[in-house]
Amino acid sequence: MSAQFGRRLYKGAATAAVAALAVAALSGSQAPGVTVDDQGRRTTSDTRPTPDAADDSATGNSPYYTDLPPLDSPKPSPSAGGTGTGSTDSESGIPATVLDAYKQAAASLQESKPGCNLPWELLAAIGYVESGHARGGRVSADGTTTSPILGPQLNGNGFANISDTDDGAYDGDSSYDRAVGPMQFIPSTWAWAGRDGNGDGEKDPNNVYDAALAAGRYLCRFDWDLSNGSDLRSAILSYNNSTDYLNTVLAWLEHYRKGVDEIPDGTGTLPEDRSDHNGGAQTQPSPPASRPPNTTPPTTPPGTKPPTTPPSTPPPSTPPTTPPGTPTDRVHHLEDAGTAKLTARTGDAFGERISTRAETSAGKGVGKVRIRFTIVGDTDATFSGGEKYATALTNSSGTAVAPALQAGEETGDFIVRATVVGRSIAGLDYTATVTERVADALARTADTALTCTPGGEFADQVEVKATYQGAAADGVAATATLIKSADDPAENDKGPYFRDAEGNPVRTLTGLETDAAGLLKLPKLYADDSTGTFLLRINTAGGATLTVELTVAAAESPSPTPSASPSA
């Protein structure tokens with residue numbers, strides 16, 4: 001009873017203080033009097049603009065959960081990655097699949113809209129406030145909620161008045177719209193904001209991968225930089241126009257930034273309090289019979305105005321019990337599924353992809369299990385798309401195949417770790433190696449003699465082709481040096497030379513690289529007053545070497561024409 005009392009005391013008496021601290025910490029760059037204009041951009045007026053209709057927001061200003069984070073701060077977890085709190089608290093922990101969806105969405109936005117600086121913790125904060133992380137992670141392996149999450153009918157009776165826009169296709173209501181899914185999109189917003197986040201070809205607001213990516217795109221749809229306090233507040237208010245909503249989201253954002261536990265799917269706790277102050281469950285309409293066809297969202301979404309009228313919140317439906325014996329529950333360990341040696345040259349895609357098999361204790365494959373692949377170590381290698389982690393679903397034989405790995409410019413070994421999303425079992429490590437691009441042979445592309453007169457320039461430029469095991473070696477580093485002799489590779493101080501940008505003599509070139517066809521064409525060569533035979537040596541990464549002769553000689557004088565004999 002004392003713990004519950006302390007919680008209520010915190011929620012009732014300290015809400016404003018905690019929210020104010022969160023706003024101060026996250027919004028320090030907000031200038032006095034700065035608000036947002038009718039396109040969701042900052043202004044310096046003293047009053048906020050009159051809000052547009054609620055259907056200009058993501059949620060239609062539907063009700064939301066008002067529970068605040070626990071009083072105790074998260075503690076760093078000793079587990080791998082160091083992202084946990086050290087305790088598996090179902091109240092502040094995030095279900096594994098839902099957490100994976102938030103992180104994937106943020107990683108995707110970092111690639112497509114890096115200037116937005118969207119943190120996954122913001123998606124987590126909104127996901128908690130909107131649906132309690134999909135009702136405590138009641139989702140299938142592909143991220144779809146086990147039953148629809150629907151807000152109240154937006155019929156103007158205590159809520160916004162939004163007439164039906166989707167013929168009930170998403171929300172099962174052909175009279176009025178309702179907020180749908182883990183991120184609580186109203187159908188009219190989902191029609192242009194919806195995204196396919198799990199790669200199944202559909203845009204489903206009830207799928208946490210799709211909904212999280214859509215929420216990220218929505219928050220980044222203007223030129224907002226969410227690392228800026230003012231822009232962060234504008235983006236959150238555009239999602240649901242309420243100062244209380246803003247403060248609640250900011251409080252959870254700050255909490256998640258300190259660390260978070262990954263807990264098993266279906267074990268999260270549904271929040272208790274909602275902004276409509278109605279503890280009873282709302283009547284839910286029948287789920288839609290079928291999903292509407294995918295539509296390409298317009299290039300420019302409708303203008304969004306951060307509203308100022310506090311809304312009401314979506315009532316939760318009764319959380320379903322966790323289905324017993326889910327595929328993830330049956331996984332005992334991971335096994336390699338025949339992955340060959342993982343090697344690539346810098347800048348190349350790895351030819352082999354990682355295959356991992358989820359098995360029971362008896363060695364039987366388990367299908368429909370989500371496997372997370374994470375790149376570990378100091379490397380610039382990524383998965384295709386530029387991300388450091390990826391997830392894949394096991395097939396009927398229990399095998400999941402990771403996306404292709406892409407090598408960066410750094411050489412050496414790194415680890416790819418496979419783990420089961422939603423289960424705390426030992427991961428499986430794969431070693432991948434990035435090697436330098438090399439050549440094992442060099443040859444001139446022409447056999448013409450390279451000659452020059454003293455003080456002149458060579459008519460032909462030196463061009464060579466690098467190969468490796470008979471194939472063109474592209475992107476191979478090379479150097480070219482005018483050396484003293486075949487036995488002395490030191491740089492010569494006389495004879496032929498190259499020129500730098502200022503026209504000064506240069507006898508060593510570094511930073512050279514073969515082109516896509518393995519070719520390397522050197523700059524023009526010039527001669528000083530020295531005559532004789534000189535040597536140019538070209539070396540490549542991998543040990544290929546070629547020595548080219550250069551001849552500097554005075555021009556031959558023409559032979560005198562014999563005079564005609566006088567006639568007798």
# chains A, B, ... in the order shown; residues from 1 in each chain; ligands from 1

call {"tool": "select_by_dssp", "arguments": {"residues": "region 352-498 of chain A", "states": "strand (DSSP E)", "output": "number ranges by chain"}}
result
A: 355-359, 370-376, 382-383, 389-393, 399-401, 405-406, 412-420, 428-435, 441-444, 451-452, 463-468, 471-472, 477-485, 488-491, 498

call {"tool": "residues_around", "arguments": {"residues": "Asp225 (chain A)", "least_positions_apart": "5", "cutoff": "8 Å", "atoms": "only C-alpha atoms", "output": "ChimeraX atom specification"}}
result
/A:115-118,220,231-232

call {"tool": "residues_around", "arguments": {"residues": "Pro327 (chain A)", "least_positions_apart": "5", "cutoff": "8 Å", "atoms": "only C-alpha atoms", "output": "list in words"}}
result
Val366, Gly367, Lys368 and Val369 of chain A

call {"tool": "closest_residue", "arguments": {"among": "A:Glu549, A:Ser275, A:Ser557, A:Asp100", "to": "Ile371 (chain A)", "atoms": "only C-alpha atoms"}}
result
A:Asp100

call {"tool": "closest_atom_pairs", "arguments": {"of": "region 203-280 of chain A", "to": "region 164-176 of chain A", "cutoff": "10 Å", "atoms": "only C-alpha atoms", "output": "JSON lines"}}
result
{"residue": "A:Asp204", "atom": "CA", "partner": "A:Tyr170", "partner_atom": "CA", "distance": 8.6}
{"residue": "A:Pro205", "atom": "CA", "partner": "A:Tyr170", "partner_atom": "CA", "distance": 7.8}
{"residue": "A:Asn206", "atom": "CA", "partner": "A:Tyr170", "partner_atom": "CA", "distance": 8.9}

call {"tool": "residues_around", "arguments": {"residues": "Arg507 (chain A)", "least_positions_apart": "6", "cutoff": "6 Å", "atoms": "only C-alpha atoms", "output": "tab-separated table (two decimals) with N, CA and C atoms, in the first residue's frame"}}
result
chain	number	residue	atom	x	y	z
A	481	THR	N	57.46	6.35	-57.98
A	481	THR	CA	58.69	7.02	-57.54
A	481	THR	C	59.76	6.90	-58.62
A	482	LEU	N	60.41	8.02	-58.91
A	482	LEU	CA	61.57	8.00	-59.79
A	482	LEU	C	62.76	7.64	-58.91
A	497	TYR	N	60.94	14.14	-63.90
A	497	TYR	CA	60.14	14.51	-62.72
A	497	TYR	C	58.70	14.81	-63.14
A	498	PHE	N	57.81	14.77	-62.14
A	498	PHE	CA	56.43	15.25	-62.31
A	498	PHE	C	56.38	16.69	-61.81

call {"tool": "residues_around", "arguments": {"residues": "Leu393 (chain A)", "least_positions_apart": "4", "cutoff": "12 Å", "atoms": "only C-alpha atoms", "output": "ChimeraX atom specification"}}
result
/A:97,140-143,198-200,327-328,355-358,366-373,397-403,419-421

call {"tool": "residues_around", "arguments": {"residues": "Pro69 (chain A)", "least_positions_apart": "3", "cutoff": "8 Å", "atoms": "only C-alpha atoms", "output": "list of chain:residue names"}}
result
A:Ser92, A:Ala251, A:Trp252, A:His255

call {"tool": "residues_around", "arguments": {"residues": "region 407-409 of chain A", "least_positions_apart": "6", "cutoff": "10 Å", "atoms": "only C-alpha atoms", "output": "JSON, numbers by chain"}}
result
{"A": [343, 344, 345, 346, 347, 348, 349, 350, 379, 380, 381, 382, 383, 384, 432, 433, 434, 435, 436, 437]}

call {"tool": "write_last_selection", "arguments": {"atoms": "C-alpha atoms", "output": "PDB file, in the first residue's frame"}}
result
ATOM      1  CA  THR A 343      35.318 -11.614 -46.231  1.00  0.00           C
ATOM      2  CA  ALA A 344      35.207  -8.547 -48.438  1.00  0.00           C
ATOM      3  CA  ARG A 345      37.572  -5.917 -49.748  1.00  0.00           C
ATOM      4  CA  THR A 346      37.149  -2.314 -48.634  1.00  0.00           C
ATOM      5  CA  GLY A 347      34.134  -0.687 -50.228  1.00  0.00           C
ATOM      6  CA  ASP A 348      32.678  -3.984 -51.491  1.00  0.00           C
ATOM      7  CA  ALA A 349      29.564  -5.863 -50.477  1.00  0.00           C
ATOM      8  CA  PHE A 350      30.193  -9.188 -48.760  1.00  0.00           C
ATOM      9  CA  THR A 379      34.275  -0.794 -37.863  1.00  0.00           C
ATOM     10  CA  ASP A 380      32.534   1.305 -40.497  1.00  0.00           C
ATOM     11  CA  ALA A 381      30.938  -1.771 -42.058  1.00  0.00           C
ATOM     12  CA  THR A 382      27.138  -1.720 -42.153  1.00  0.00           C
ATOM     13  CA  PHE A 383      24.223  -3.724 -43.416  1.00  0.00           C
ATOM     14  CA  SER A 384      22.746  -2.637 -46.742  1.00  0.00           C
ATOM     15  CA  ALA A 432      33.751 -10.877 -40.618  1.00  0.00           C
ATOM     16  CA  THR A 433      36.954  -9.589 -42.191  1.00  0.00           C
ATOM     17  CA  VAL A 434      37.561  -6.541 -44.377  1.00  0.00           C
ATOM     18  CA  THR A 435      40.804  -6.601 -46.336  1.00  0.00           C
ATOM     19  CA  GLU A 436      42.645  -3.971 -48.318  1.00  0.00           C
ATOM     20  CA  ARG A 437      42.046  -3.865 -52.055  1.00  0.00           C
TER      21      ARG A 437
END

call {"tool": "atom_distance", "arguments": {"atom1": "CA of Ser230 (chain A)", "atom2": "CA of Gly132 (chain A)"}}
result
26.0 Å

call {"tool": "atom_distance", "arguments": {"atom1": "CA of Gly455 (chain A)", "atom2": "CA of Lys494 (chain A)"}}
result
11.9 Å

call {"tool": "atom_distance", "arguments": {"atom1": "CA of Ala480 (chain A)", "atom2": "CA of Ile538 (chain A)"}}
result
4.4 Å
